[in-house]
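Text of the file coords.cif, holding mmCIF, C-alpha atoms and all ligand atoms:
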data_run
loop_
_atom_site.label_atom_id
_atom_site.label_comp_id
_atom_site.auth_asym_id
_atom_site.auth_seq_id
_atom_site.Cartn_x
_atom_site.Cartn_y
_atom_site.Cartn_z
CA MET E 1 -0.20 0.10 -43.46
CA SER E 2 1.41 -2.47 -45.69
CA GLN E 3 3.00 -5.29 -43.71
CA ARG E 4 5.84 -7.59 -44.68
CA PRO E 5 5.04 -11.30 -44.99
CA ARG E 6 5.22 -13.42 -41.82
CA GLY E 7 8.66 -14.81 -41.06
CA THR E 8 10.52 -12.17 -43.09
CA ARG E 9 12.54 -9.24 -41.78
CA ASP E 10 13.74 -5.77 -42.80
CA PHE E 11 17.24 -4.78 -41.71
CA THR E 12 18.11 -1.31 -40.41
CA PRO E 13 21.33 0.44 -41.50
CA ASP E 14 22.96 -0.59 -38.19
CA GLU E 15 21.89 -4.21 -38.63
CA MET E 16 23.12 -4.28 -42.23
CA GLU E 17 26.45 -2.92 -41.13
CA ALA E 18 26.84 -5.73 -38.60
CA ARG E 19 25.64 -8.34 -41.12
CA ARG E 20 27.98 -7.19 -43.89
CA TYR E 21 30.89 -7.10 -41.49
CA LEU E 22 30.25 -10.66 -40.30
CA GLU E 23 29.69 -11.85 -43.87
CA GLY E 24 33.11 -10.39 -44.74
CA LEU E 25 34.78 -12.26 -41.86
CA PHE E 26 33.13 -15.53 -42.96
CA ARG E 27 34.27 -15.08 -46.59
CA THR E 28 37.82 -14.32 -45.52
CA GLU E 29 37.89 -17.42 -43.32
CA ALA E 30 36.65 -19.67 -46.14
CA GLU E 31 39.29 -18.24 -48.49
CA LEU E 32 41.99 -18.77 -45.85
CA HIS E 33 41.01 -22.45 -45.91
CA GLY E 34 41.24 -22.67 -49.72
CA PHE E 35 37.48 -22.59 -50.46
CA LYS E 36 36.10 -20.56 -53.42
CA GLU E 37 32.72 -18.84 -53.61
CA ILE E 38 29.88 -19.85 -55.93
CA ALA E 39 26.31 -18.61 -56.38
CA THR E 40 23.22 -20.45 -57.62
CA PRO E 41 19.64 -19.27 -58.34
CA ILE E 42 17.21 -18.40 -55.57
CA PHE E 43 14.61 -20.71 -57.18
CA GLU E 44 15.02 -24.17 -58.70
CA TYR E 45 12.81 -26.96 -60.01
CA THR E 46 11.01 -28.40 -56.97
CA GLU E 47 12.20 -31.88 -57.90
CA LEU E 48 15.78 -30.96 -57.01
CA PHE E 49 14.76 -30.94 -53.35
CA THR E 50 12.03 -33.58 -53.31
CA LEU E 51 14.41 -36.22 -54.69
CA LYS E 52 16.39 -36.68 -51.52
CA SER E 53 16.17 -33.94 -48.94
CA GLY E 54 13.56 -35.78 -46.90
CA PRO E 55 10.11 -35.04 -45.55
CA ASN E 56 11.15 -32.27 -43.13
CA ILE E 57 12.38 -30.01 -45.88
CA VAL E 58 9.74 -30.95 -48.45
CA ASP E 59 6.83 -30.14 -46.11
CA GLU E 60 8.42 -26.78 -45.40
CA MET E 61 9.05 -25.65 -48.96
CA TYR E 62 7.76 -22.55 -50.72
CA ALA E 63 6.77 -24.38 -53.90
CA PHE E 64 4.49 -23.18 -56.68
CA GLU E 65 3.66 -23.61 -60.35
CA ASP E 66 5.02 -20.84 -62.61
CA LYS E 67 3.21 -19.34 -65.61
CA GLY E 68 4.70 -22.01 -67.86
CA GLY E 69 3.27 -24.78 -65.67
CA ARG E 70 6.70 -25.68 -64.20
CA GLN E 71 7.02 -26.83 -60.58
CA ILE E 72 9.31 -24.30 -58.90
CA ALA E 73 10.56 -23.95 -55.32
CA LEU E 74 12.40 -21.19 -53.48
CA ARG E 75 15.54 -22.94 -52.28
CA PRO E 76 15.28 -24.27 -48.71
CA GLU E 77 19.04 -24.96 -48.65
CA LEU E 78 22.07 -24.85 -50.95
CA THR E 79 23.58 -28.34 -50.93
CA ALA E 80 21.30 -29.81 -53.62
CA PRO E 81 21.73 -26.71 -55.88
CA THR E 82 25.52 -26.91 -55.44
CA MET E 83 25.49 -30.59 -56.45
CA ARG E 84 23.29 -29.85 -59.47
CA PHE E 85 25.67 -27.06 -60.52
CA PHE E 86 28.63 -29.42 -60.08
CA VAL E 87 27.08 -32.14 -62.26
CA ASN E 88 26.12 -29.56 -64.93
CA ASP E 89 29.32 -27.54 -65.14
CA LEU E 90 32.08 -28.21 -62.63
CA THR E 91 33.09 -31.85 -63.06
CA ASN E 92 36.35 -30.89 -64.81
CA TYR E 93 37.63 -28.83 -61.90
CA PRO E 94 40.53 -30.33 -59.90
CA ARG E 95 39.45 -32.33 -56.85
CA PRO E 96 38.93 -32.03 -54.03
CA LEU E 97 36.76 -29.13 -55.13
CA LYS E 98 36.26 -26.75 -52.20
CA LEU E 99 33.27 -24.44 -52.60
CA PHE E 100 31.43 -22.02 -50.33
CA TYR E 101 28.27 -19.92 -50.62
CA PHE E 102 26.30 -17.27 -48.82
CA GLY E 103 22.66 -16.57 -49.55
CA GLN E 104 19.06 -16.61 -48.48
CA CYS E 105 16.94 -19.73 -48.05
CA PHE E 106 13.20 -20.10 -47.59
CA ARG E 107 11.30 -22.52 -45.40
CA TYR E 108 7.60 -22.44 -44.58
CA GLU E 109 8.08 -22.91 -40.84
CA ARG E 110 6.29 -21.52 -37.83
CA PRO E 111 8.24 -18.29 -37.19
CA GLN E 112 9.77 -17.69 -33.75
CA SER E 113 12.97 -16.24 -32.34
CA GLY E 114 15.83 -17.61 -34.49
CA ARG E 115 13.45 -19.32 -36.91
CA TYR E 116 12.34 -17.43 -39.99
CA ARG E 117 10.71 -18.13 -43.34
CA GLU E 118 13.49 -16.21 -45.08
CA PHE E 119 16.93 -16.68 -43.53
CA PHE E 120 20.57 -16.72 -44.58
CA GLN E 121 23.02 -19.57 -44.74
CA PHE E 122 26.78 -19.47 -45.04
CA GLY E 123 27.93 -22.92 -46.13
CA ALA E 124 30.68 -24.94 -47.72
CA GLU E 125 30.95 -28.21 -49.63
CA LEU E 126 34.12 -30.24 -50.21
CA LEU E 127 33.61 -32.56 -53.20
CA GLY E 128 35.54 -35.61 -54.26
CA ALA E 129 37.05 -36.90 -51.02
CA ALA E 130 35.71 -39.29 -48.42
CA ASN E 131 38.10 -39.82 -45.58
CA PRO E 132 38.52 -38.68 -41.96
CA GLU E 133 40.83 -35.82 -42.92
CA SER E 134 38.49 -34.35 -45.56
CA ASP E 135 35.62 -34.49 -43.04
CA ALA E 136 37.88 -32.90 -40.41
CA GLU E 137 38.83 -30.15 -42.89
CA VAL E 138 35.14 -29.25 -43.28
CA ILE E 139 34.45 -29.30 -39.52
CA ALA E 140 37.58 -27.17 -38.98
CA LEU E 141 36.28 -24.55 -41.43
CA ALA E 142 32.89 -24.47 -39.66
CA ALA E 143 34.57 -24.14 -36.25
CA ASP E 144 37.08 -21.50 -37.38
CA THR E 145 34.31 -19.51 -39.08
CA ILE E 146 32.23 -19.43 -35.90
CA GLY E 147 35.43 -18.75 -33.92
CA ARG E 148 36.24 -15.82 -36.22
CA SER E 149 32.86 -14.25 -35.36
CA GLY E 150 34.03 -13.92 -31.76
CA LEU E 151 31.41 -16.31 -30.35
CA THR E 152 32.84 -18.34 -27.47
CA ASN E 153 29.88 -20.21 -26.01
CA TYR E 154 29.21 -23.06 -28.45
CA VAL E 155 29.78 -26.81 -28.77
CA ILE E 156 30.43 -29.08 -31.74
CA ARG E 157 28.70 -32.46 -31.63
CA ILE E 158 29.92 -35.13 -34.03
CA GLY E 159 28.23 -38.43 -34.81
CA HIS E 160 28.00 -40.99 -37.59
CA ILE E 161 24.67 -41.78 -39.18
CA GLY E 162 26.16 -45.08 -40.45
CA ILE E 163 26.33 -46.43 -36.88
CA LEU E 164 22.59 -45.93 -36.30
CA ARG E 165 21.63 -47.11 -39.78
CA GLU E 166 23.70 -50.32 -39.46
CA ARG E 167 22.08 -51.08 -36.10
CA LEU E 168 18.59 -50.47 -37.53
CA TYR E 169 19.24 -52.75 -40.53
CA LYS E 170 20.68 -55.43 -38.22
CA GLY E 171 17.39 -55.26 -36.28
CA GLY E 172 15.39 -55.79 -39.48
CA ALA E 173 14.73 -52.26 -40.78
CA THR E 174 15.05 -51.35 -44.47
CA PRO E 175 16.35 -48.05 -45.92
CA ALA E 176 12.73 -47.03 -46.61
CA ASN E 177 11.34 -47.65 -43.14
CA ALA E 178 14.52 -46.54 -41.32
CA SER E 179 14.00 -42.98 -42.57
CA PRO E 180 10.88 -42.12 -40.49
CA ILE E 181 12.51 -43.72 -37.43
CA LEU E 182 15.60 -41.57 -37.91
CA GLN E 183 13.38 -38.49 -38.24
CA LYS E 184 11.88 -39.24 -34.82
CA LEU E 185 15.32 -39.87 -33.30
CA ASP E 186 16.50 -36.53 -34.78
CA LYS E 187 13.74 -34.77 -32.85
CA LYS E 188 14.50 -36.84 -29.70
CA LEU E 189 10.95 -38.24 -29.82
CA PHE E 190 12.06 -41.58 -28.37
CA ASP E 191 8.62 -43.01 -27.58
CA GLU E 192 7.44 -42.39 -31.13
CA ALA E 193 10.70 -43.89 -32.47
CA ARG E 194 10.18 -46.98 -30.21
CA ALA E 195 6.61 -47.36 -31.53
CA LEU E 196 7.78 -47.21 -35.18
CA MET E 197 10.54 -49.77 -34.51
CA GLY E 198 7.99 -52.02 -32.82
CA GLN E 199 5.63 -51.74 -35.80
CA ILE E 200 8.27 -53.08 -38.21
CA GLY E 201 8.87 -56.05 -35.93
CA MET E 202 12.17 -55.13 -34.25
CA SER E 203 12.79 -56.98 -30.99
CA SER E 204 12.73 -54.89 -27.81
CA GLY E 205 16.44 -55.71 -27.32
CA ASP E 206 17.27 -54.24 -30.74
CA VAL E 207 15.04 -51.23 -30.11
CA GLU E 208 16.77 -50.42 -26.81
CA GLU E 209 20.18 -50.95 -28.43
CA VAL E 210 19.31 -48.24 -31.02
CA ILE E 211 18.17 -45.87 -28.25
CA ARG E 212 21.36 -46.61 -26.27
CA ILE E 213 23.53 -45.58 -29.24
CA THR E 214 21.82 -42.18 -29.38
CA GLU E 215 22.80 -41.68 -25.73
CA VAL E 216 26.55 -41.96 -26.40
CA VAL E 217 27.38 -38.31 -25.79
CA GLY E 218 30.58 -36.86 -24.34
CA SER E 219 34.34 -36.80 -24.80
CA PRO E 220 35.91 -38.61 -27.80
CA GLU E 221 37.28 -41.27 -25.41
CA LEU E 222 33.74 -42.75 -25.37
CA LEU E 223 34.53 -44.08 -28.84
CA GLU E 224 36.98 -46.54 -27.27
CA GLU E 225 33.95 -48.51 -26.03
CA GLN E 226 32.38 -48.61 -29.52
CA GLN E 227 33.27 -51.19 -32.09
CA GLY E 228 33.18 -51.18 -35.86
CA GLU E 229 34.41 -49.33 -38.90
CA ALA E 230 32.36 -46.20 -38.29
CA SER E 231 33.70 -45.62 -34.78
CA ASP E 232 37.29 -46.23 -35.98
CA TYR E 233 36.61 -43.61 -38.65
CA LEU E 234 35.43 -41.12 -36.02
CA LYS E 235 38.49 -41.82 -33.84
CA GLU E 236 40.75 -40.89 -36.74
CA LEU E 237 38.68 -37.80 -37.47
CA PHE E 238 38.95 -36.61 -33.85
CA SER E 239 42.72 -37.05 -33.95
CA VAL E 240 42.94 -34.76 -37.04
CA LEU E 241 40.69 -32.22 -35.28
CA THR E 242 43.08 -32.22 -32.33
CA GLU E 243 45.96 -31.51 -34.71
CA TYR E 244 43.91 -28.65 -36.17
CA GLY E 245 43.52 -27.26 -32.64
CA ILE E 246 39.75 -27.77 -32.44
CA ALA E 247 39.21 -28.40 -28.74
CA ASN E 248 35.46 -28.05 -28.13
CA ALA E 249 34.28 -31.07 -30.16
CA GLN E 250 32.30 -33.89 -28.54
CA VAL E 251 31.03 -37.25 -29.68
CA ASP E 252 27.26 -37.44 -29.99
CA LEU E 253 26.01 -40.57 -31.71
CA GLY E 254 22.48 -39.17 -31.39
CA VAL E 255 23.13 -36.56 -34.11
CA VAL E 256 20.78 -37.67 -36.87
CA ARG E 257 20.08 -34.48 -38.93
CA GLY E 258 16.73 -33.58 -40.43
CA LEU E 259 17.86 -34.00 -44.06
CA ASP E 260 17.84 -37.45 -45.63
CA TYR E 261 20.96 -37.37 -47.76
CA TYR E 262 23.69 -37.99 -45.16
CA THR E 263 25.56 -41.28 -45.31
CA GLY E 264 28.47 -41.05 -42.85
CA MET E 265 29.82 -38.46 -40.44
CA VAL E 266 27.22 -35.92 -39.29
CA PHE E 267 27.74 -32.90 -37.04
CA GLU E 268 25.96 -29.97 -35.46
CA MET E 269 27.01 -26.89 -33.57
CA ASP E 270 24.88 -25.40 -30.80
CA ALA E 271 24.95 -22.03 -29.05
CA PRO E 272 23.20 -22.83 -25.72
CA SER E 273 22.38 -19.14 -25.14
CA LEU E 274 19.78 -19.36 -27.95
CA GLY E 275 17.41 -21.71 -26.12
CA ALA E 276 15.02 -23.71 -28.32
CA GLU E 277 16.54 -22.80 -31.71
CA LYS E 278 20.12 -23.22 -30.61
CA GLN E 279 21.53 -25.05 -33.63
CA ILE E 280 23.82 -22.61 -35.44
CA CYS E 281 25.36 -25.09 -37.87
CA GLY E 282 24.64 -28.50 -39.35
CA GLY E 283 26.46 -30.71 -41.81
CA GLY E 284 27.93 -34.05 -42.71
CA SER E 285 29.04 -36.34 -45.52
CA TYR E 286 26.75 -37.45 -48.32
CA SER E 287 26.56 -38.25 -52.01
CA LEU E 288 23.92 -36.58 -54.20
CA THR E 289 25.58 -36.23 -57.62
CA GLU E 290 24.37 -39.63 -58.90
CA LEU E 291 20.80 -38.50 -58.21
CA PHE E 292 21.26 -35.52 -60.55
CA GLY E 293 22.65 -37.54 -63.44
CA GLY E 294 26.36 -37.53 -62.61
CA ASP E 295 28.85 -40.08 -61.30
CA LYS E 296 28.86 -40.77 -57.58
CA VAL E 297 31.06 -38.17 -55.90
CA PHE E 298 31.42 -38.30 -52.12
CA SER E 299 31.22 -34.92 -50.46
CA THR E 300 31.10 -33.29 -47.05
CA GLY E 301 29.64 -29.92 -46.18
CA PHE E 302 27.89 -27.73 -43.67
CA ALA E 303 25.71 -24.66 -43.44
CA ILE E 304 25.88 -22.08 -40.68
CA GLY E 305 22.66 -20.27 -39.78
CA PHE E 306 23.90 -16.72 -40.31
CA ASP E 307 20.96 -15.08 -38.47
CA ARG E 308 21.27 -17.37 -35.47
CA THR E 309 25.00 -16.70 -35.23
CA LEU E 310 24.24 -12.97 -35.05
CA LEU E 311 21.60 -13.59 -32.38
CA ALA E 312 24.07 -15.67 -30.35
CA LEU E 313 26.68 -12.90 -30.62
CA GLU E 314 24.09 -10.41 -29.38
CA ARG E 315 23.32 -12.66 -26.40
CA GLU E 316 27.04 -12.62 -25.56
CA GLY E 317 27.00 -8.82 -25.75
CA LEU E 318 29.09 -8.77 -28.93
CA THR E 319 28.12 -6.66 -31.94
CA PRO E 320 30.18 -7.19 -35.07
CA GLY E 321 32.38 -4.19 -35.98
CA LYS E 322 30.85 -0.82 -36.59
CA ARG E 323 32.29 1.37 -39.32
CA ARG E 324 32.24 5.12 -38.74
CA LEU E 325 32.06 8.07 -41.04
CA GLN E 326 35.57 9.56 -41.12
CA ALA E 327 34.70 13.12 -42.12
CA TYR E 328 31.65 15.33 -42.25
CA VAL E 329 32.27 18.48 -44.31
CA VAL E 330 30.52 21.71 -43.27
CA PRO E 331 30.64 25.01 -45.20
CA THR E 332 30.30 28.14 -43.06
CA SER E 333 28.54 30.19 -45.78
CA ASP E 334 26.74 29.79 -49.10
CA ARG E 335 29.89 30.91 -50.88
CA MET E 336 31.86 28.05 -49.33
CA ARG E 337 29.23 25.41 -50.27
CA HIS E 338 30.84 24.61 -53.66
CA LYS E 339 34.27 24.41 -52.08
CA ALA E 340 32.81 21.85 -49.61
CA PHE E 341 31.55 19.68 -52.51
CA THR E 342 35.01 19.72 -54.11
CA ILE E 343 36.59 18.68 -50.81
CA VAL E 344 34.13 15.85 -50.10
CA ALA E 345 34.56 14.49 -53.64
CA ARG E 346 38.33 14.46 -53.24
CA LEU E 347 38.16 12.66 -49.88
CA ARG E 348 35.88 9.98 -51.33
CA LYS E 349 38.27 9.46 -54.29
CA GLU E 350 41.09 8.97 -51.78
CA GLY E 351 39.07 6.20 -50.09
CA ILE E 352 38.03 8.21 -47.04
CA SER E 353 34.36 7.91 -46.04
CA ALA E 354 33.01 11.43 -46.17
CA ASP E 355 29.70 13.22 -46.15
CA VAL E 356 28.64 16.84 -46.66
CA ASP E 357 25.88 19.14 -45.41
CA LEU E 358 22.87 18.80 -47.72
CA MET E 359 20.38 20.65 -45.52
CA ARG E 360 21.96 24.14 -45.50
CA ARG E 361 22.11 24.02 -41.71
CA SER E 362 23.94 26.32 -39.29
CA ILE E 363 27.35 25.21 -37.99
CA GLY E 364 25.89 24.38 -34.57
CA LYS E 365 23.19 22.16 -36.04
CA ASN E 366 25.69 20.52 -38.37
CA LEU E 367 27.95 19.66 -35.43
CA LYS E 368 24.99 18.02 -33.68
CA TYR E 369 24.14 16.03 -36.81
CA ALA E 370 27.78 14.91 -37.25
CA ASP E 371 27.74 13.68 -33.67
CA ALA E 372 24.43 11.86 -34.14
CA VAL E 373 25.67 9.95 -37.21
CA GLY E 374 28.90 9.04 -35.40
CA ALA E 375 31.39 10.96 -37.59
CA ARG E 376 34.98 11.07 -36.30
CA TYR E 377 35.95 14.48 -37.69
CA VAL E 378 34.14 17.57 -38.90
CA VAL E 379 35.89 19.52 -41.66
CA ILE E 380 34.86 23.18 -41.41
CA VAL E 381 35.24 25.07 -44.68
CA GLY E 382 35.38 28.79 -43.76
CA GLU E 383 36.19 31.89 -45.80
CA LYS E 384 39.20 32.98 -43.68
CA GLU E 385 40.79 29.52 -43.68
CA ASP E 386 40.10 29.14 -47.37
CA ALA E 387 41.99 32.36 -48.09
CA GLN E 388 45.04 30.62 -46.58
CA GLY E 389 44.37 27.38 -48.50
CA SER E 390 43.30 25.60 -45.28
CA VAL E 391 40.31 24.10 -43.45
CA THR E 392 39.60 23.54 -39.75
CA VAL E 393 39.44 19.89 -38.64
CA ARG E 394 37.54 19.22 -35.43
CA ASN E 395 37.99 15.90 -33.64
CA LEU E 396 34.49 15.09 -32.35
CA GLY E 397 35.83 12.75 -29.68
CA SER E 398 38.24 15.19 -27.97
CA GLY E 399 36.81 18.50 -29.23
CA ASP E 400 40.33 19.55 -30.44
CA GLN E 401 40.49 21.77 -33.53
CA THR E 402 43.46 22.16 -35.87
CA LEU E 403 44.14 24.10 -39.03
CA VAL E 404 45.09 21.76 -41.89
CA SER E 405 46.19 22.73 -45.39
CA THR E 406 43.49 21.64 -47.87
CA ARG E 407 46.10 19.81 -49.95
CA GLU E 408 47.24 17.76 -46.92
CA LEU E 409 43.66 17.03 -45.72
CA PRO E 410 43.33 13.41 -47.05
CA LYS E 411 46.71 12.49 -45.50
CA ALA E 412 45.76 14.12 -42.19
CA LEU E 413 42.43 12.29 -42.05
CA LYS E 414 43.98 8.94 -42.92
P1 LIG N 1 20.17 -27.49 -41.90
O1 LIG N 1 20.55 -28.05 -40.58
O2 LIG N 1 18.83 -27.76 -42.41
O3 LIG N 1 21.27 -28.03 -42.94
O4 LIG N 1 20.41 -25.92 -41.88
C1 LIG N 1 21.67 -25.38 -41.50
C2 LIG N 1 21.48 -24.26 -40.50
O5 LIG N 1 20.60 -23.26 -41.04
C3 LIG N 1 20.80 -24.67 -39.20
O6 LIG N 1 21.74 -25.23 -38.31
C4 LIG N 1 20.24 -23.36 -38.69
O7 LIG N 1 21.24 -22.64 -37.98
C5 LIG N 1 19.93 -22.61 -39.96
N1 LIG N 1 18.46 -22.64 -40.20
C6 LIG N 1 17.72 -23.65 -40.69
N2 LIG N 1 16.42 -23.31 -40.78
C7 LIG N 1 16.34 -22.03 -40.35
C8 LIG N 1 15.28 -21.07 -40.18
N3 LIG N 1 14.01 -21.37 -40.53
N4 LIG N 1 15.55 -19.84 -39.69
C9 LIG N 1 16.83 -19.51 -39.35
N5 LIG N 1 17.88 -20.36 -39.48
C10 LIG N 1 17.64 -21.59 -39.97
C11 LIG N 1 21.29 -27.71 -44.27
O8 LIG N 1 20.62 -26.85 -44.78
C12 LIG N 1 22.31 -28.49 -45.07
N6 LIG N 1 22.27 -28.06 -46.47
C13 LIG N 1 23.72 -28.33 -44.49
C14 LIG N 1 24.74 -29.07 -45.28
C15 LIG N 1 25.60 -28.58 -46.19
N7 LIG N 1 24.97 -30.37 -45.23
C16 LIG N 1 25.93 -30.69 -46.08
N8 LIG N 1 26.32 -29.62 -46.68
#
Re-express the file's structure as structure tokens.
Amino acid sequence: MSQRPRGTRDFTPDEMEARRYLEGLFRTEAELHGFKEIATPIFEYTELFTLKSGPNIVDEMYAFEDKGGRQIALRPELTAPTMRFFVNDLTNYPRPLKLFYFGQCFRYERPQSGRYREFFQFGAELLGAANPESDAEVIALAADTIGRSGLTNYVIRIGHIGILRERLYKGGATPANASPILQKLDKKLFDEARALMGQIGMSSGDVEEVIRITEVVGSPELLEEQQGEASDYLKELFSVLTEYGIANAQVDLGVVRGLDYYTGMVFEMDAPSLGAEKQICGGGSYSLTELFGGDKVFSTGFAIGFDRTLLALEREGLTPGKRRLQAYVVPTSDRMRHKAFTIVARLRKEGISADVDLMRRSIGKNLKYADAVGARYVVIVGEKEDAQGSVTVRNLGSGDQTLVSTRELPKALK
């Protein structure tokens, strides 16, 4: 038997129904917040990602040489492509420019529950603003999008990468050697982070001060004990979030993020029910445009792990909305078959989901099939009823049957 590649998935009709429904909710939410959808290619030049995304992403890329000898990568994320697109074509749009996207990403990771080699991200980027309220606007969209899905058990953790960076530089680190230290802190590998800080000659006092910052986790009031521009910035951001009605946000100065491009506020959302791969969203503020040949444009964005959100909903016993077939049309004889096709075509034109017997089954078997596919009504097209210009409509839930004039059928089913 042919197998699908490791880390990829097929989706059943039921799964696709749930996925499309959730995707629709996410799109609606983004539009309610004034964001507009874009799409970019599934593959890009590898360089787009190696320039700044950091070692985590680069090691995990599906990268190859194409037949023309070009270095190509399947996109591991959509922030760098969005920034490339902006620099190429969107710089004349009014700012702030509020964009969102939905699409698959590819990472060569070790597959496990909630971690795949092909997965889907729903994300947004707000370009051209860099202040607490533009960051809060982005966090609010992420929170409202997850909220819209119906998930209740999740937390938002907000930090500021500037606070950790400043402390590292004060202790003697440089941007180049701070990066591997931050990678270790992101993974909570404190002993390895301590060793790296020691190797670059940081004093043990400075090292412990960096570790202490990562342990500032809890209610926003903790910021009162922190000094400096970055913590004042976060205080303002939390006050906007309160006005937006976002209640489940915490401070976590240990949020580092695996990607290298963040410069200021960083945030993550976790669904504890997911266990090891519990991060359902990650984001923050950054500037990438100058790297792709444009002017420096400060931006903030996030990406929600679409697959993980669905898993978390499942764990809470919630399945996104199921659509049902409204009508299943059954002819009682060969002579009535053509009449049934006319009726089903008319229902579909009127926007009513409808299906028709294609197996030439008996009425009894057709009723069983209609039940199995979850149809609401069966429309029985019989000779006697037809002579009166009518059909019989059977409600599969209650078992009730009524005679309905064929002309009135769409209205009756609606
Ligand atoms: P990220 O944290 O690398 O950020 O990915 C965002 C989300 O994608 C994660 O929180 C997780 O839910 C999901 N995810 C990542 N890898 C996998 C995987 N292998 N399988 C399933 N889900 C996964 C970014 O990608 C940034 N571009 C976010 C961003 C946008 N920052 C600014 N703007």
Report as CSV the residues of chain E within 8 Å of ligand LIG 1 (chain N), each with its shortest atom pair and distance in Å (one decimal), using all atoms listed in the file, ordered by chain and increasing residue number.
residue,atom,partner,partner_atom,distance
E:Ile57,CA,N:LIG1,O2,7.7
E:Pro76,CA,N:LIG1,O8,7.1
E:Glu77,CA,N:LIG1,O8,4.6
E:Leu78,CA,N:LIG1,N6,5.5
E:Thr79,CA,N:LIG1,N6,4.7
E:Ala80,CA,N:LIG1,N6,7.4
E:Phe106,CA,N:LIG1,N3,7.2
E:Arg107,CA,N:LIG1,N3,5.7
E:Tyr108,CA,N:LIG1,N3,7.7
E:Glu109,CA,N:LIG1,N3,6.1
E:Pro111,CA,N:LIG1,N3,7.3
E:Gly114,CA,N:LIG1,C9,5.3
E:Arg115,CA,N:LIG1,N4,3.5
E:Tyr116,CA,N:LIG1,N4,4.0
E:Arg117,CA,N:LIG1,N3,5.4
E:Glu118,CA,N:LIG1,N4,6.8
E:Phe119,CA,N:LIG1,C9,5.0
E:Phe120,CA,N:LIG1,N5,6.8
E:Gln121,CA,N:LIG1,O5,5.8
E:Gly123,CA,N:LIG1,C15,6.1
E:Ala124,CA,N:LIG1,C15,6.4
E:Glu125,CA,N:LIG1,N8,5.7
E:Arg257,CA,N:LIG1,O1,6.7
E:Gly258,CA,N:LIG1,O2,6.5
E:Leu259,CA,N:LIG1,O2,6.5
E:Tyr262,CA,N:LIG1,C16,7.7
E:Glu268,CA,N:LIG1,O6,7.0
E:Met269,CA,N:LIG1,O6,7.3
E:Glu277,CA,N:LIG1,O7,7.8
E:Lys278,CA,N:LIG1,O7,7.5
E:Gln279,CA,N:LIG1,O6,4.7
E:Ile280,CA,N:LIG1,O7,3.6
E:Cys281,CA,N:LIG1,O6,3.6
E:Gly282,CA,N:LIG1,O1,4.3
E:Gly283,CA,N:LIG1,N7,3.7
E:Gly284,CA,N:LIG1,C16,5.2
E:Ser285,CA,N:LIG1,C16,6.5
E:Tyr286,CA,N:LIG1,C16,7.2
E:Thr300,CA,N:LIG1,C16,5.9
E:Gly301,CA,N:LIG1,N8,3.4
E:Phe302,CA,N:LIG1,C15,3.5
E:Ala303,CA,N:LIG1,C13,4.3
E:Ile304,CA,N:LIG1,C2,4.9
E:Gly305,CA,N:LIG1,O7,3.3
E:Phe306,CA,N:LIG1,O7,6.9
E:Asp307,CA,N:LIG1,C9,6.1
E:Arg308,CA,N:LIG1,O7,5.8
E:Thr309,CA,N:LIG1,O7,7.5
Between region 18-95 of chain E and region 321-339 of chain E, at 12 Å or less, what are the per-residue closest atom pairs and their distances in Å? Count only C-alpha atoms, order by chain and rising residue number, and return it as a tab-separated table.
residue	atom	partner	partner_atom	distance
E:Ala18	CA	E:Gly321	CA	6.3
E:Arg19	CA	E:Gly321	CA	9.4
E:Arg20	CA	E:Gly321	CA	9.5
E:Tyr21	CA	E:Gly321	CA	6.4
E:Leu22	CA	E:Gly321	CA	8.1
E:Glu23	CA	E:Gly321	CA	11.3
E:Gly24	CA	E:Gly321	CA	10.8
E:Leu25	CA	E:Gly321	CA	10.3
Distance CA of Ala375 (chain E)-CA of Leu347 (chain E), one decimal place? 14.1 Å
May I ask for the distance between CA of Val378 (chain E) and CA of Leu396 (chain E), given in Å to one decimal place? 7.0 Å
Taking a cut-off of 12 Å and counting all atoms listed in the file, can you build a table that, for each residue of region 199-274 of chain E near region 151-154 of chain E, reports the nearest atom pair and how far apart they are in Å (one decimal), sorted by chain then residue number, as CSV?
residue,atom,partner,partner_atom,distance
E:Ala247,CA,E:Tyr154,CA,11.3
E:Asn248,CA,E:Tyr154,CA,8.0
E:Ala249,CA,E:Tyr154,CA,9.6
E:Gln250,CA,E:Tyr154,CA,11.3
E:Glu268,CA,E:Tyr154,CA,10.4
E:Met269,CA,E:Tyr154,CA,6.8
E:Asp270,CA,E:Tyr154,CA,5.5
E:Ala271,CA,E:Tyr154,CA,4.4
E:Pro272,CA,E:Tyr154,CA,6.6
E:Ser273,CA,E:Asn153,CA,7.6
E:Leu274,CA,E:Tyr154,CA,10.1
Just write the chosen residues, C-alpha atoms, as a JSON list (two decimals), in the frame of the given file.
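So the final result, stored in result-v8.json, reads:
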[["chain", "number", "residue", "atom", "x", "y", "z"],
["E", 247, "ALA", "CA", 39.21, -28.40, -28.74],
["E", 248, "ASN", "CA", 35.46, -28.05, -28.13],
["E", 249, "ALA", "CA", 34.28, -31.07, -30.16],
["E", 250, "GLN", "CA", 32.30, -33.89, -28.54],
["E", 268, "GLU", "CA", 25.96, -29.97, -35.46],
["E", 269, "MET", "CA", 27.01, -26.89, -33.57],
["E", 270, "ASP", "CA", 24.88, -25.40, -30.80],
["E", 271, "ALA", "CA", 24.95, -22.03, -29.05],
["E", 272, "PRO", "CA", 23.20, -22.83, -25.72],
["E", 273, "SER", "CA", 22.38, -19.14, -25.14],
["E", 274, "LEU", "CA", 19.78, -19.36, -27.95]]
Which residues are close to region 26-41 of chain E, i.e. within 6 Å by all atoms listed in the file, leaving aside same-chain residues fewer than 3 positions away? Reply as an mmCIF file with C-alpha atoms, in the coordinates of the input.
data_model
loop_
_atom_site.group_PDB
_atom_site.id
_atom_site.type_symbol
_atom_site.label_atom_id
_atom_site.label_comp_id
_atom_site.auth_asym_id
_atom_site.auth_seq_id
_atom_site.Cartn_x
_atom_site.Cartn_y
_atom_site.Cartn_z
ATOM 1 C CA GLU E 23 29.690 -11.850 -43.870
ATOM 2 C CA LYS E 98 36.260 -26.750 -52.200
ATOM 3 C CA LEU E 99 33.270 -24.440 -52.600
ATOM 4 C CA PHE E 100 31.430 -22.020 -50.330
ATOM 5 C CA TYR E 101 28.270 -19.920 -50.620
ATOM 6 C CA THR E 145 34.310 -19.510 -39.080
#
